[in-house]
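Dropping run-v5.csv in here (CSV, C-alpha atoms and all ligand atoms):
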chain,number,residue,atom,x,y,z
A,25,MET,CA,-7.5,11.7,7.2
A,26,GLY,CA,-6.2,11.8,3.5
A,27,LEU,CA,-7.7,10.0,0.6
A,28,ARG,CA,-5.0,7.3,0.7
A,29,GLU,CA,-5.6,6.5,4.3
A,30,TRP,CA,-9.4,6.3,3.7
A,31,MET,CA,-9.0,4.0,0.7
A,32,LYS,CA,-6.3,1.6,2.0
A,33,PRO,CA,-8.3,-0.4,4.5
A,34,ARG,CA,-11.4,-0.5,2.2
A,35,PHE,CA,-9.4,-1.7,-0.8
A,36,GLN,CA,-7.4,-4.1,1.3
A,37,ASP,CA,-10.6,-5.6,2.7
A,38,LEU,CA,-12.0,-6.3,-0.7
A,39,ALA,CA,-8.7,-7.9,-1.9
A,40,MET,CA,-8.1,-9.9,1.2
A,41,ARG,CA,-11.6,-11.3,1.4
A,42,GLN,CA,-10.6,-13.4,-1.6
A,43,MET,CA,-8.3,-15.4,0.8
A,44,ASN,CA,-11.1,-16.3,3.2
A,45,HIS,CA,-11.4,-19.9,2.2
A,46,MET,CA,-7.7,-20.5,3.3
A,47,ARG,CA,-8.0,-18.9,6.7
A,48,SER,CA,-9.7,-21.5,9.0
A,49,GLU,CA,-7.1,-24.2,9.0
A,50,THR,CA,-4.5,-21.7,10.4
A,51,ILE,CA,-6.8,-19.6,12.7
A,52,GLU,CA,-8.4,-22.6,14.4
A,53,GLU,CA,-4.9,-23.5,15.9
A,54,ALA,CA,-4.9,-20.3,18.0
A,55,GLU,CA,-5.5,-20.6,21.8
A,56,GLY,CA,-5.2,-18.7,25.0
A,57,GLU,CA,-3.7,-15.1,24.8
A,58,VAL,CA,-3.3,-14.4,21.1
A,59,LEU,CA,-1.2,-11.8,19.3
A,60,GLU,CA,-2.2,-11.2,15.7
A,61,VAL,CA,0.4,-9.3,13.8
A,62,GLY,CA,-0.9,-7.5,10.8
A,63,PHE,CA,-4.5,-7.5,12.0
A,64,GLY,CA,-5.6,-5.7,8.9
A,65,THR,CA,-9.4,-5.4,8.6
A,66,GLY,CA,-10.1,-8.2,11.1
A,67,LEU,CA,-10.9,-10.8,8.5
A,68,ASN,CA,-9.6,-13.6,10.7
A,69,LEU,CA,-11.9,-12.8,13.6
A,70,SER,CA,-14.8,-15.0,12.7
A,71,TYR,CA,-12.5,-18.1,12.4
A,72,TYR,CA,-11.1,-18.0,16.0
A,73,GLY,CA,-12.5,-20.8,18.2
A,74,PRO,CA,-13.6,-21.1,21.8
A,75,ALA,CA,-10.0,-21.8,23.0
A,76,VAL,CA,-9.1,-18.1,22.5
A,77,LYS,CA,-9.2,-16.0,25.7
A,78,THR,CA,-8.1,-12.6,24.5
A,79,LEU,CA,-6.6,-11.1,21.3
A,80,VAL,CA,-4.3,-8.2,20.7
A,81,GLY,CA,-4.4,-7.1,17.0
A,82,LEU,CA,-1.4,-5.2,15.9
A,83,ASP,CA,-1.3,-3.2,12.7
A,84,PRO,CA,-0.1,0.4,11.8
A,85,MET,CA,-3.1,0.9,9.6
A,86,ASP,CA,-5.9,3.1,11.0
A,87,VAL,CA,-9.3,1.3,10.9
A,88,THR,CA,-11.1,3.2,13.6
A,89,GLU,CA,-13.5,4.8,11.1
A,90,VAL,CA,-14.1,1.7,9.0
A,91,GLU,CA,-17.6,0.5,10.2
A,92,SER,CA,-17.3,-3.1,8.8
A,93,VAL,CA,-14.1,-3.6,10.8
A,94,GLN,CA,-15.6,-2.2,14.0
A,95,ALA,CA,-18.6,-4.5,13.5
A,96,ARG,CA,-16.3,-7.5,13.2
A,97,ILE,CA,-14.6,-6.5,16.4
A,98,ARG,CA,-18.0,-6.1,18.2
A,99,GLY,CA,-19.0,-9.5,16.9
A,100,VAL,CA,-16.6,-11.7,18.8
A,101,SER,CA,-17.0,-13.1,22.3
A,102,PHE,CA,-13.5,-12.5,23.6
A,103,PRO,CA,-11.9,-9.2,24.6
A,104,ILE,CA,-9.9,-7.5,21.8
A,105,GLU,CA,-7.3,-4.7,22.0
A,106,ARG,CA,-6.2,-3.1,18.7
A,107,LYS,CA,-2.8,-1.5,18.7
A,108,ALA,CA,-1.8,0.8,15.8
A,109,LEU,CA,1.9,-0.2,15.9
A,110,ARG,CA,4.5,-1.7,13.6
A,111,ALA,CA,5.8,-5.1,14.5
A,112,ASP,CA,9.3,-4.2,13.5
A,113,GLY,CA,9.6,-1.3,15.9
A,114,GLY,CA,9.9,-3.2,19.1
A,115,LEU,CA,6.7,-4.7,20.7
A,116,PRO,CA,5.4,-3.1,23.9
A,117,PHE,CA,4.8,-6.5,25.7
A,118,ASP,CA,6.6,-8.5,28.4
A,119,ALA,CA,8.6,-11.4,27.3
A,120,GLY,CA,6.6,-14.7,27.1
A,121,ARG,CA,3.2,-12.9,27.4
A,122,PHE,CA,1.3,-14.8,24.5
A,123,ASP,CA,0.3,-18.4,24.0
A,124,THR,CA,-0.1,-18.0,20.2
A,125,ILE,CA,1.1,-15.6,17.6
A,126,VAL,CA,-0.8,-15.4,14.3
A,127,THR,CA,0.1,-13.9,10.9
A,128,THR,CA,-1.8,-14.2,7.7
A,129,TRP,CA,-0.3,-12.7,4.5
A,130,THR,CA,1.7,-10.2,6.6
A,131,LEU,CA,5.4,-11.2,6.6
A,132,CYS,CA,5.5,-10.0,2.9
A,133,SER,CA,4.7,-6.5,4.0
A,134,ILE,CA,6.8,-5.9,7.1
A,135,PRO,CA,9.9,-3.9,6.0
A,136,GLU,CA,12.3,-5.3,8.7
A,137,VAL,CA,10.8,-8.7,8.9
A,138,ASP,CA,13.8,-10.3,10.7
A,139,LYS,CA,13.4,-7.7,13.5
A,140,ALA,CA,9.7,-8.4,13.7
A,141,LEU,CA,10.1,-12.2,13.9
A,142,LYS,CA,12.7,-11.9,16.7
A,143,GLU,CA,10.3,-9.6,18.7
A,144,MET,CA,7.4,-12.1,18.0
A,145,ARG,CA,9.6,-14.9,19.4
A,146,ARG,CA,10.4,-12.8,22.5
A,147,VAL,CA,6.8,-12.2,23.4
A,148,LEU,CA,5.7,-15.8,22.8
A,149,LYS,CA,5.8,-18.2,25.8
A,150,PRO,CA,8.4,-21.0,25.6
A,151,GLY,CA,6.4,-23.9,24.1
A,152,GLY,CA,3.9,-21.4,22.5
A,153,HIS,CA,3.0,-21.6,18.8
A,154,TYR,CA,3.4,-19.3,15.9
A,155,VAL,CA,0.7,-20.1,13.3
A,156,PHE,CA,0.8,-18.6,9.9
A,157,ILE,CA,-0.3,-18.6,6.3
A,158,GLU,CA,1.8,-16.5,4.0
A,159,HIS,CA,2.7,-16.2,0.4
A,160,GLY,CA,6.3,-16.1,-0.7
A,161,ARG,CA,9.1,-17.4,-2.9
A,162,ALA,CA,8.4,-20.3,-5.3
A,163,ASP,CA,10.4,-23.5,-5.1
A,164,ALA,CA,10.7,-23.7,-8.9
A,165,ASN,CA,13.7,-21.6,-10.0
A,166,SER,CA,11.9,-20.3,-13.1
A,167,THR,CA,9.1,-18.8,-11.1
A,168,ALA,CA,11.4,-17.5,-8.4
A,169,ARG,CA,13.4,-15.7,-11.1
A,170,TRP,CA,10.3,-14.0,-12.3
A,171,GLN,CA,9.4,-13.1,-8.7
A,172,ASP,CA,12.8,-11.4,-8.4
A,173,ARG,CA,12.3,-9.5,-11.6
A,174,VAL,CA,8.8,-8.3,-10.8
A,175,ASN,CA,9.2,-7.6,-7.1
A,176,PRO,CA,10.6,-4.0,-7.3
A,177,LEU,CA,7.6,-2.9,-9.3
A,178,TRP,CA,5.1,-5.0,-7.3
A,179,ASN,CA,6.5,-3.6,-4.1
A,180,ARG,CA,5.8,-0.1,-5.2
A,181,MET,CA,2.4,-0.8,-6.6
A,182,CYS,CA,1.2,-3.0,-3.7
A,183,ASP,CA,2.0,-1.0,-0.6
A,184,GLY,CA,5.3,-2.6,0.3
A,185,CYS,CA,4.4,-6.2,-0.4
A,186,ASN,CA,7.2,-8.6,-1.4
A,187,ILE,CA,6.5,-11.7,-3.5
A,188,ASN,CA,9.9,-13.4,-3.2
A,189,ARG,CA,10.5,-13.9,0.5
A,190,LYS,CA,11.4,-17.5,1.6
A,191,ILE,CA,9.0,-17.7,4.5
A,192,ASP,CA,10.2,-20.9,6.1
A,193,ARG,CA,13.8,-19.7,6.2
A,194,LEU,CA,12.7,-16.4,7.7
A,195,VAL,CA,10.7,-18.1,10.4
A,196,GLU,CA,13.6,-20.4,11.3
A,197,GLU,CA,16.1,-17.6,11.3
A,198,GLY,CA,13.7,-15.8,13.7
A,199,GLY,CA,14.4,-18.5,16.2
A,200,PHE,CA,11.3,-20.7,15.7
A,201,GLU,CA,11.3,-24.4,15.1
A,202,LEU,CA,8.9,-25.5,12.3
A,203,GLU,CA,6.5,-28.2,13.5
A,204,SER,CA,4.6,-28.4,10.2
A,205,LEU,CA,4.8,-26.7,6.8
A,206,ASN,CA,2.4,-27.1,3.9
A,207,ARG,CA,3.5,-25.6,0.7
A,208,PHE,CA,0.8,-25.2,-2.0
A,209,ARG,CA,-0.1,-23.2,-4.9
A,210,ALA,CA,-3.3,-21.2,-4.7
A,211,LYS,CA,-5.4,-19.9,-7.6
A,212,GLY,CA,-4.0,-17.0,-9.5
A,213,PRO,CA,-0.7,-16.0,-11.2
A,214,GLY,CA,2.2,-18.2,-10.1
A,215,ILE,CA,4.3,-15.4,-8.8
A,216,VAL,CA,1.8,-14.4,-6.1
A,217,ALA,CA,0.2,-17.8,-5.4
A,218,GLN,CA,3.0,-19.7,-3.6
A,219,MET,CA,1.6,-20.4,-0.2
A,220,TYR,CA,3.3,-21.4,3.0
A,221,ARG,CA,1.0,-22.6,5.8
A,222,GLY,CA,2.8,-23.6,8.9
A,223,VAL,CA,3.0,-24.1,12.7
A,224,ALA,CA,6.2,-23.2,14.4
A,225,ILE,CA,7.1,-23.5,18.1
A,226,ARG,CA,9.3,-21.4,20.4
A,227,ASN,CA,11.6,-24.0,22.0
A,228,GLY,CA,13.3,-22.7,25.2
A,301,LIG,C1,-1.9,-8.1,2.9
A,301,LIG,S1,-2.4,-7.3,4.4
A,301,LIG,C2,-3.0,-8.7,5.4
A,301,LIG,C3,-4.0,-8.3,6.4
A,301,LIG,C4,-4.6,-9.4,7.3
A,301,LIG,N1,-3.6,-10.2,8.0
A,301,LIG,C5,-5.4,-10.4,6.4
A,301,LIG,O1,-5.2,-11.6,6.4
A,301,LIG,O2,-6.4,-9.9,5.8
A,301,LIG,C6,-0.9,-7.0,5.3
A,301,LIG,C7,-1.0,-6.2,6.6
A,301,LIG,O3,0.2,-6.0,7.2
A,301,LIG,C8,0.2,-4.7,7.8
A,301,LIG,N2,1.6,-4.3,8.0
A,301,LIG,C9,2.4,-3.6,7.2
A,301,LIG,N3,3.6,-3.3,7.8
A,301,LIG,C10,3.5,-3.8,9.0
A,301,LIG,C11,4.3,-3.7,10.2
A,301,LIG,N4,5.5,-3.2,10.1
A,301,LIG,N5,3.9,-4.3,11.3
A,301,LIG,C12,2.7,-4.9,11.4
A,301,LIG,N6,1.8,-4.9,10.4
A,301,LIG,C13,2.2,-4.4,9.2
A,301,LIG,C14,-0.6,-3.9,6.8
A,301,LIG,O4,-1.0,-2.7,7.4
A,301,LIG,C15,-1.7,-4.8,6.4
A,301,LIG,O5,-2.8,-4.7,7.2
Rewrite the coordinates I just gave you, this time as structure tokens.
Amino acid sequence: MGLREWMKPRFQDLAMRQMNHMRSETIEEAEGEVLEVGFGTGLNLSYYGPAVKTLVGLDPMDVTEVESVQARIRGVSFPIERKALRADGGLPFDAGRFDTIVTTWTLCSIPEVDKALKEMRRVLKPGGHYVFIEHGRADANSTARWQDRVNPLWNRMCDGCNINRKIDRLVEEGGFELESLNRFRAKGPGIVAQMYRGVAIRNG
């Protein structure tokens, strides 16, 4: 394992822990057979409730040697399977397998996000829910323009993260119907603090 592969999950864990206070409202919605896309370092695990039966955590990042992540995995009461795969490369699951799909601050980082969302819809049961909290494009034109200017540099510095994606539109173009959407600004610089918390359904 190279230095970069060693550092990435450890730095990401430190950075993403700052988001912990925003996780529960999204994660508590999950039930049944759950697919979490962009599992990262397992920071959502302690927020899942008793309605969760099993969880598949999908993420290309290698966390097998990160003890804090392995401890989080050991600490939950439901079975977990980790798959080191990209969500935009075709998902190795039957259609309609999952009751819930979860993403938290992940759609920003998936290169072919439209492909990933279509696959996520395919593996979700008809009537199943896709629950998410993501950051993305500002509604205010002045902030959105700054996001467009900064994004190329940000993307290179922050491991492929995009700050200017219009998350609600992507979710709807992926074939989901939005049941709820809460747009709010978190703490921090406006260009990275534009939050989209939502619940979407697969109809049909
Ligand atoms: C900002 S982190 C968020 C991690 C975690 N969801 C959290 O809330 O802490 C984005 C995650 O997306 C993952 N990711 C990047 N490209 C991906 C892809 N093509 N498919 C699935 N996950 C991907 C990264 O490895 C990283 O763990």
Exercise for review: Please give me, as an MDAnalysis selection string, the residues lying within 8 Å of ligand LIG 301 (chain A) when counting all atoms listed in the file.
Suggested key: chainID A and resid 33 36:37 40:41 43 47 60:68 82:85 109:113 127:137 140 184:185
Could you write those residues out with C-alpha atoms, as a PDB file, in the coordinates of the input?
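Dumped everything to part_33.pdb:
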ATOM      1  CA  PRO A  33      -8.300  -0.400   4.500  1.00  0.00           C
ATOM      2  CA  GLN A  36      -7.400  -4.100   1.300  1.00  0.00           C
ATOM      3  CA  ASP A  37     -10.600  -5.600   2.700  1.00  0.00           C
ATOM      4  CA  MET A  40      -8.100  -9.900   1.200  1.00  0.00           C
ATOM      5  CA  ARG A  41     -11.600 -11.300   1.400  1.00  0.00           C
ATOM      6  CA  MET A  43      -8.300 -15.400   0.800  1.00  0.00           C
ATOM      7  CA  ARG A  47      -8.000 -18.900   6.700  1.00  0.00           C
ATOM      8  CA  GLU A  60      -2.200 -11.200  15.700  1.00  0.00           C
ATOM      9  CA  VAL A  61       0.400  -9.300  13.800  1.00  0.00           C
ATOM     10  CA  GLY A  62      -0.900  -7.500  10.800  1.00  0.00           C
ATOM     11  CA  PHE A  63      -4.500  -7.500  12.000  1.00  0.00           C
ATOM     12  CA  GLY A  64      -5.600  -5.700   8.900  1.00  0.00           C
ATOM     13  CA  THR A  65      -9.400  -5.400   8.600  1.00  0.00           C
ATOM     14  CA  GLY A  66     -10.100  -8.200  11.100  1.00  0.00           C
ATOM     15  CA  LEU A  67     -10.900 -10.800   8.500  1.00  0.00           C
ATOM     16  CA  ASN A  68      -9.600 -13.600  10.700  1.00  0.00           C
ATOM     17  CA  LEU A  82      -1.400  -5.200  15.900  1.00  0.00           C
ATOM     18  CA  ASP A  83      -1.300  -3.200  12.700  1.00  0.00           C
ATOM     19  CA  PRO A  84      -0.100   0.400  11.800  1.00  0.00           C
ATOM     20  CA  MET A  85      -3.100   0.900   9.600  1.00  0.00           C
ATOM     21  CA  LEU A 109       1.900  -0.200  15.900  1.00  0.00           C
ATOM     22  CA  ARG A 110       4.500  -1.700  13.600  1.00  0.00           C
ATOM     23  CA  ALA A 111       5.800  -5.100  14.500  1.00  0.00           C
ATOM     24  CA  ASP A 112       9.300  -4.200  13.500  1.00  0.00           C
ATOM     25  CA  GLY A 113       9.600  -1.300  15.900  1.00  0.00           C
ATOM     26  CA  THR A 127       0.100 -13.900  10.900  1.00  0.00           C
ATOM     27  CA  THR A 128      -1.800 -14.200   7.700  1.00  0.00           C
ATOM     28  CA  TRP A 129      -0.300 -12.700   4.500  1.00  0.00           C
ATOM     29  CA  THR A 130       1.700 -10.200   6.600  1.00  0.00           C
ATOM     30  CA  LEU A 131       5.400 -11.200   6.600  1.00  0.00           C
ATOM     31  CA  CYS A 132       5.500 -10.000   2.900  1.00  0.00           C
ATOM     32  CA  SER A 133       4.700  -6.500   4.000  1.00  0.00           C
ATOM     33  CA  ILE A 134       6.800  -5.900   7.100  1.00  0.00           C
ATOM     34  CA  PRO A 135       9.900  -3.900   6.000  1.00  0.00           C
ATOM     35  CA  GLU A 136      12.300  -5.300   8.700  1.00  0.00           C
ATOM     36  CA  VAL A 137      10.800  -8.700   8.900  1.00  0.00           C
ATOM     37  CA  ALA A 140       9.700  -8.400  13.700  1.00  0.00           C
ATOM     38  CA  GLY A 184       5.300  -2.600   0.300  1.00  0.00           C
ATOM     39  CA  CYS A 185       4.400  -6.200  -0.400  1.00  0.00           C
TER      40      CYS A 185
END
**Study point:** A:Ser101, A:Thr124, A:Thr88, A:Gln171 ranked by distance to A:Val58, top pick (using all atoms listed in the file)
**Key:** A:Thr124
**Study point:** A:Lys142 surroundings by only C-alpha atoms, 8 Å radius, close-in-sequence under 3 positions cut, as a count of residues only
**Key:** 6
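One finds atom CA of A:Leu148 at 29.3 Å from atom CA of A:Arg209.
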Exercise for review: One decimal, Å: what's the distance from atom CA of A:Glu203 over to atom CA of A:Gly222, could you say?
Suggested key: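 Separating atom CA of A:Glu203 from atom CA of A:Gly222 is a distance of 7.5 Å.
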